[in-house]
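Printed here is start_7.txt (compact mmCIF, C-alpha atoms):
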# COMPACT_ATOMS: atom_id res chain seq x y z
CA MET Z 1 46.58 -112.50 -56.75
CA ASN Z 2 49.09 -114.73 -58.48
CA GLY Z 3 47.72 -118.02 -57.08
CA ARG Z 4 51.06 -119.44 -56.00
CA GLY Z 5 49.93 -120.26 -52.53
CA SER Z 6 46.67 -122.00 -53.42
CA HIS Z 7 47.70 -123.88 -56.62
CA PRO Z 8 51.40 -124.78 -56.63
CA LYS Z 9 52.94 -125.73 -60.00
CA GLY Z 10 55.51 -128.55 -60.38
CA PHE Z 11 56.63 -131.26 -57.96
CA THR Z 12 58.19 -131.06 -54.56
CA LEU Z 13 61.62 -132.56 -53.89
CA VAL Z 14 60.06 -135.37 -51.83
CA GLU Z 15 57.71 -136.30 -54.69
CA MET Z 16 60.64 -136.40 -57.13
CA ILE Z 17 62.72 -138.62 -54.82
CA VAL Z 18 59.82 -141.03 -54.25
CA SER Z 19 59.12 -141.19 -58.00
CA LEU Z 20 62.78 -141.90 -58.80
CA LEU Z 21 62.93 -144.53 -56.06
CA LEU Z 22 59.85 -146.33 -57.44
CA ILE Z 23 61.23 -146.18 -60.99
CA GLY Z 24 64.56 -147.58 -59.72
CA ILE Z 25 62.79 -150.50 -58.01
CA LEU Z 26 60.81 -151.29 -61.16
CA VAL Z 27 63.94 -151.17 -63.32
CA ALA Z 28 65.75 -153.50 -60.90
CA ILE Z 29 62.90 -156.03 -60.98
CA VAL Z 30 62.69 -155.93 -64.78
CA GLY Z 31 66.50 -156.25 -65.01
CA MET Z 32 66.53 -159.34 -62.79
CA GLY Z 33 63.77 -160.88 -64.89
CA LEU Z 34 65.69 -160.24 -68.10
CA THR Z 35 68.82 -161.74 -66.52
CA GLN Z 36 66.88 -164.89 -65.65
CA ILE Z 37 65.49 -165.12 -69.18
CA ALA Z 38 68.96 -164.71 -70.72
CA GLY Z 39 70.42 -167.32 -68.36
CA GLY Z 40 67.63 -169.75 -69.23
CA TYR Z 41 68.26 -169.24 -72.93
CA VAL Z 42 72.00 -169.91 -72.58
CA PHE Z 43 71.31 -173.03 -70.47
CA SER Z 44 68.76 -174.43 -72.92
CA ARG Z 45 70.99 -173.65 -75.91
CA GLY Z 46 73.83 -175.57 -74.29
CA ASN Z 47 71.55 -178.52 -73.65
CA VAL Z 48 70.26 -178.49 -77.23
CA ASP Z 49 73.86 -178.88 -78.41
CA THR Z 50 74.37 -181.74 -75.95
CA ILE Z 51 71.20 -183.51 -77.10
CA GLN Z 52 72.16 -183.17 -80.76
CA LYS Z 53 75.66 -184.52 -80.15
CA ALA Z 54 74.30 -187.45 -78.14
CA GLN Z 55 71.69 -188.32 -80.77
CA ILE Z 56 74.30 -188.26 -83.51
CA ALA Z 57 76.65 -190.42 -81.43
CA LEU Z 58 73.94 -192.98 -80.62
CA THR Z 59 72.82 -193.11 -84.26
CA ARG Z 60 76.39 -193.66 -85.45
CA ILE Z 61 77.02 -196.41 -82.88
CA ALA Z 62 73.72 -198.12 -83.77
CA LYS Z 63 74.53 -197.98 -87.50
CA GLU Z 64 77.98 -199.47 -86.92
CA LEU Z 65 76.53 -202.28 -84.81
CA ASN Z 66 73.68 -202.92 -87.30
CA ALA Z 67 76.17 -203.23 -90.16
CA ALA Z 68 78.38 -205.64 -88.22
CA SER Z 69 78.81 -209.24 -89.29
CA SER Z 70 80.23 -210.06 -85.86
CA VAL Z 71 80.27 -208.34 -82.48
CA ALA Z 72 82.71 -209.04 -79.67
CA PRO Z 73 82.42 -207.35 -76.27
CA SER Z 74 85.79 -206.27 -74.94
CA PRO Z 75 86.38 -207.58 -72.37
CA ALA Z 76 84.01 -210.52 -72.76
CA GLN Z 77 81.39 -209.38 -70.22
CA ALA Z 78 77.64 -208.87 -70.44
CA VAL Z 79 78.07 -205.15 -69.64
CA THR Z 80 81.09 -203.27 -70.99
CA SER Z 81 82.18 -199.83 -72.12
CA SER Z 82 83.81 -201.06 -75.34
CA VAL Z 83 83.07 -203.34 -78.27
CA THR Z 84 84.81 -204.52 -81.39
CA CYS Z 85 82.72 -205.36 -84.42
CA THR Z 86 83.59 -206.55 -87.89
CA ARG Z 87 81.82 -205.60 -91.11
CA THR Z 88 82.16 -207.28 -94.44
CA GLY Z 89 85.23 -206.17 -96.24
CA PRO Z 90 86.63 -207.02 -93.58
CA VAL Z 91 86.56 -203.77 -91.66
CA THR Z 92 87.08 -203.80 -87.90
CA ILE Z 93 85.41 -201.09 -85.82
CA ALA Z 94 86.39 -200.48 -82.20
CA ILE Z 95 83.95 -198.43 -80.11
CA ALA Z 96 85.19 -197.54 -76.64
CA LEU Z 97 84.96 -195.10 -73.74
CA SER Z 98 88.32 -193.42 -73.26
CA GLY Z 99 88.45 -190.91 -70.43
CA ASP Z 100 85.44 -188.65 -70.99
CA THR Z 101 85.10 -189.40 -74.72
CA VAL Z 102 83.52 -192.17 -76.75
CA GLN Z 103 85.75 -193.04 -79.67
CA ILE Z 104 85.41 -195.05 -82.85
CA ASN Z 105 88.76 -196.42 -83.97
CA GLY Z 106 90.49 -193.73 -81.90
CA ALA Z 107 88.55 -190.80 -83.39
CA ILE Z 108 86.43 -188.87 -80.88
CA LEU Z 109 82.72 -189.35 -81.50
CA ILE Z 110 81.43 -187.42 -78.46
CA ASP Z 111 83.03 -185.72 -75.47
CA ASN Z 112 81.91 -184.79 -71.94
CA VAL Z 113 80.74 -188.37 -71.42
CA THR Z 114 80.24 -189.34 -67.79
CA ALA Z 115 78.98 -192.89 -68.46
CA PHE Z 116 78.87 -195.25 -71.42
CA THR Z 117 77.72 -198.85 -71.25
CA LEU Z 118 76.89 -201.57 -73.72
CA SER Z 119 74.72 -204.42 -72.45
CA TYR Z 120 74.49 -207.65 -74.44
CA PHE Z 121 71.52 -210.02 -74.52
CA ASP Z 122 70.71 -213.32 -76.20
CA ALA Z 123 67.50 -214.20 -78.08
CA ALA Z 124 65.70 -215.00 -74.81
CA GLY Z 125 66.62 -211.62 -73.31
CA ALA Z 126 69.21 -213.02 -70.88
CA ALA Z 127 72.50 -211.18 -70.42
CA THR Z 128 75.34 -212.82 -72.31
CA ALA Z 129 79.00 -212.24 -73.07
CA THR Z 130 79.21 -214.95 -75.71
CA ALA Z 131 79.67 -213.20 -79.05
CA ALA Z 132 77.83 -215.88 -81.04
CA ASN Z 133 74.72 -215.55 -78.81
CA ILE Z 134 74.33 -211.75 -78.87
CA ARG Z 135 71.00 -210.73 -80.41
CA ARG Z 136 70.39 -207.36 -78.72
CA ILE Z 137 72.68 -204.58 -77.56
CA ASP Z 138 71.45 -201.83 -75.24
CA ILE Z 139 73.49 -198.64 -75.41
CA ALA Z 140 73.40 -196.19 -72.48
CA LEU Z 141 75.13 -192.83 -72.65
CA THR Z 142 75.29 -190.04 -70.07
CA VAL Z 143 76.71 -186.68 -71.13
CA ALA Z 144 77.43 -183.56 -69.08
CA GLY Z 145 75.51 -180.68 -70.63
CA ALA Z 146 75.12 -177.02 -69.72
CA ASP Z 147 76.25 -176.24 -66.17
CA ASN Z 148 77.50 -179.88 -66.00
CA VAL Z 149 73.94 -181.15 -65.68
CA PRO Z 150 73.96 -184.82 -66.75
CA SER Z 151 71.64 -185.96 -69.52
CA SER Z 152 71.08 -189.67 -70.14
CA PHE Z 153 70.33 -191.27 -73.49
CA SER Z 154 69.76 -194.86 -74.57
CA SER Z 155 69.22 -196.91 -77.67
CA THR Z 156 68.68 -200.56 -78.53
CA VAL Z 157 70.17 -202.44 -81.48
CA ASN Z 158 68.64 -205.75 -82.49
CA ILE Z 159 71.06 -208.07 -84.19
CA SER Z 160 69.61 -210.38 -86.83
CA GLU Z 161 70.56 -214.03 -86.64
CA SER Z 162 71.39 -213.92 -90.35
CA TYR Z 163 74.63 -212.10 -89.44
CA TRP Z 164 75.95 -215.14 -87.64

Just give me the structure of the file as structure tokens.
Amino acid sequence: MNGRGSHPKGFTLVEMIVSLLLIGILVAIVGMGLTQIAGGYVFSRGNVDTIQKAQIALTRIAKELNAASSVAPSPAQAVTSSVTCTRTGPVTIAIALSGDTVQINGAILIDNVTAFTLSYFDAAGAATATAANIRRIDIALTVAGADNVPSSFSSTVNISESYW
């Protein structure tokens, strides 16, 4: 007796099809997971670039305002999107929102800006537009990051009375 009837060797066609179908489902699930991971990486990498650009922009604006011997909101309002400051030398610095960019003396500092505001306060913390009374400037910046998701950043600059 050759034993073919009682102990078959190999797989049947149905077993092969079921095995291939299960392997296909597993590969599809793993592929979707890898796609999600790759998409998350690209999104977070884009946001890291946005955060770095915003931090650099806020630091530069704060340094310019800290070095100023005078600050003048333009227009003279307690909340604006532009300011002109003067440093010793005399050097005049104009910081302004123009379209979707924040510029310093016409040079683009950061792009993809959706909001930029400068709020001015006196020594008592009251909003003011009087240049001689400004003692604190709050900077708020909103930038469109990866997938146009907005990210908001803020900074505060305290102005010493010795400048005036």

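Computed from the coordinates, the CA of Val157 (chain Z) to CA of Leu97 (chain Z) distance equals 18.2 Å.
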
Skip Thr84 (chain Z) itself and residues of its chain fewer than 3 positions away, then list as a PyMOL selection string all residues within 8 Å of it, counting all atoms listed in the file.
chain Z and resi 71-74+92-95

Next, the residues of the selection above should be written as a PDB file, in the frame of the given file with C-alpha atoms.
ATOM      1  CA  VAL Z  71      80.270-208.340 -82.480  1.00  0.00           C
ATOM      2  CA  ALA Z  72      82.710-209.040 -79.670  1.00  0.00           C
ATOM      3  CA  PRO Z  73      82.420-207.350 -76.270  1.00  0.00           C
ATOM      4  CA  SER Z  74      85.790-206.270 -74.940  1.00  0.00           C
ATOM      5  CA  THR Z  92      87.080-203.800 -87.900  1.00  0.00           C
ATOM      6  CA  ILE Z  93      85.410-201.090 -85.820  1.00  0.00           C
ATOM      7  CA  ALA Z  94      86.390-200.480 -82.200  1.00  0.00           C
ATOM      8  CA  ILE Z  95      83.950-198.430 -80.110  1.00  0.00           C
TER       9      ILE Z  95
END

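Between CA of Val91 (chain Z) and CA of Glu64 (chain Z) the interatomic distance comes to 10.7 Å.
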
Report the distance between CA of Gly106 (chain Z) and CA of Ala132 (chain Z) in Å, rounded to one decimal place.
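Result for CA of Gly106 (chain Z) versus CA of Ala132 (chain Z): 25.5 Å, one decimal.
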
Between Z:Ile51, Z:Ala38, Z:Ala76, Z:Val83, which is the closest to Ala127 (chain Z) once you count only C-alpha atoms?
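The closest residue to Ala127 (chain Z) is Z:Ala76.
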
Please identify all polymer residues lying at most 12 Å from the point (74.7, -212.3, -74.7) (file coordinates), using only C-alpha atoms, and present the result as JSON, numbers by chain.
{"Z": [71, 72, 73, 76, 77, 78, 79, 80, 118, 119, 120, 121, 122, 123, 124, 125, 126, 127, 128, 129, 130, 131, 132, 133, 134, 135, 136, 137, 138, 158, 159]}

Counting only C-alpha atoms, which residue out of Z:Ala62, Z:Ile56, Z:Val18, Z:Ala140 sits closest to Ile110 (chain Z)?
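Checking each candidate against Ile110 (chain Z), we get Z:Ile56 as the closest.
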
Would you mind listing, for every residue of region 25-68 of chain Z within 7 Å of region 143-153 of chain Z, the two atoms forming the shortest contact and the distance between them in Å to one decimal, using only C-alpha atoms, sorted by chain and ascending residue number, as CSV?
residue,atom,partner,partner_atom,distance
Z:Phe43,CA,Z:Ala146,CA,5.6
Z:Gly46,CA,Z:Ala146,CA,5.0
Z:Asn47,CA,Z:Gly145,CA,5.4
Z:Thr50,CA,Z:Gly145,CA,5.5
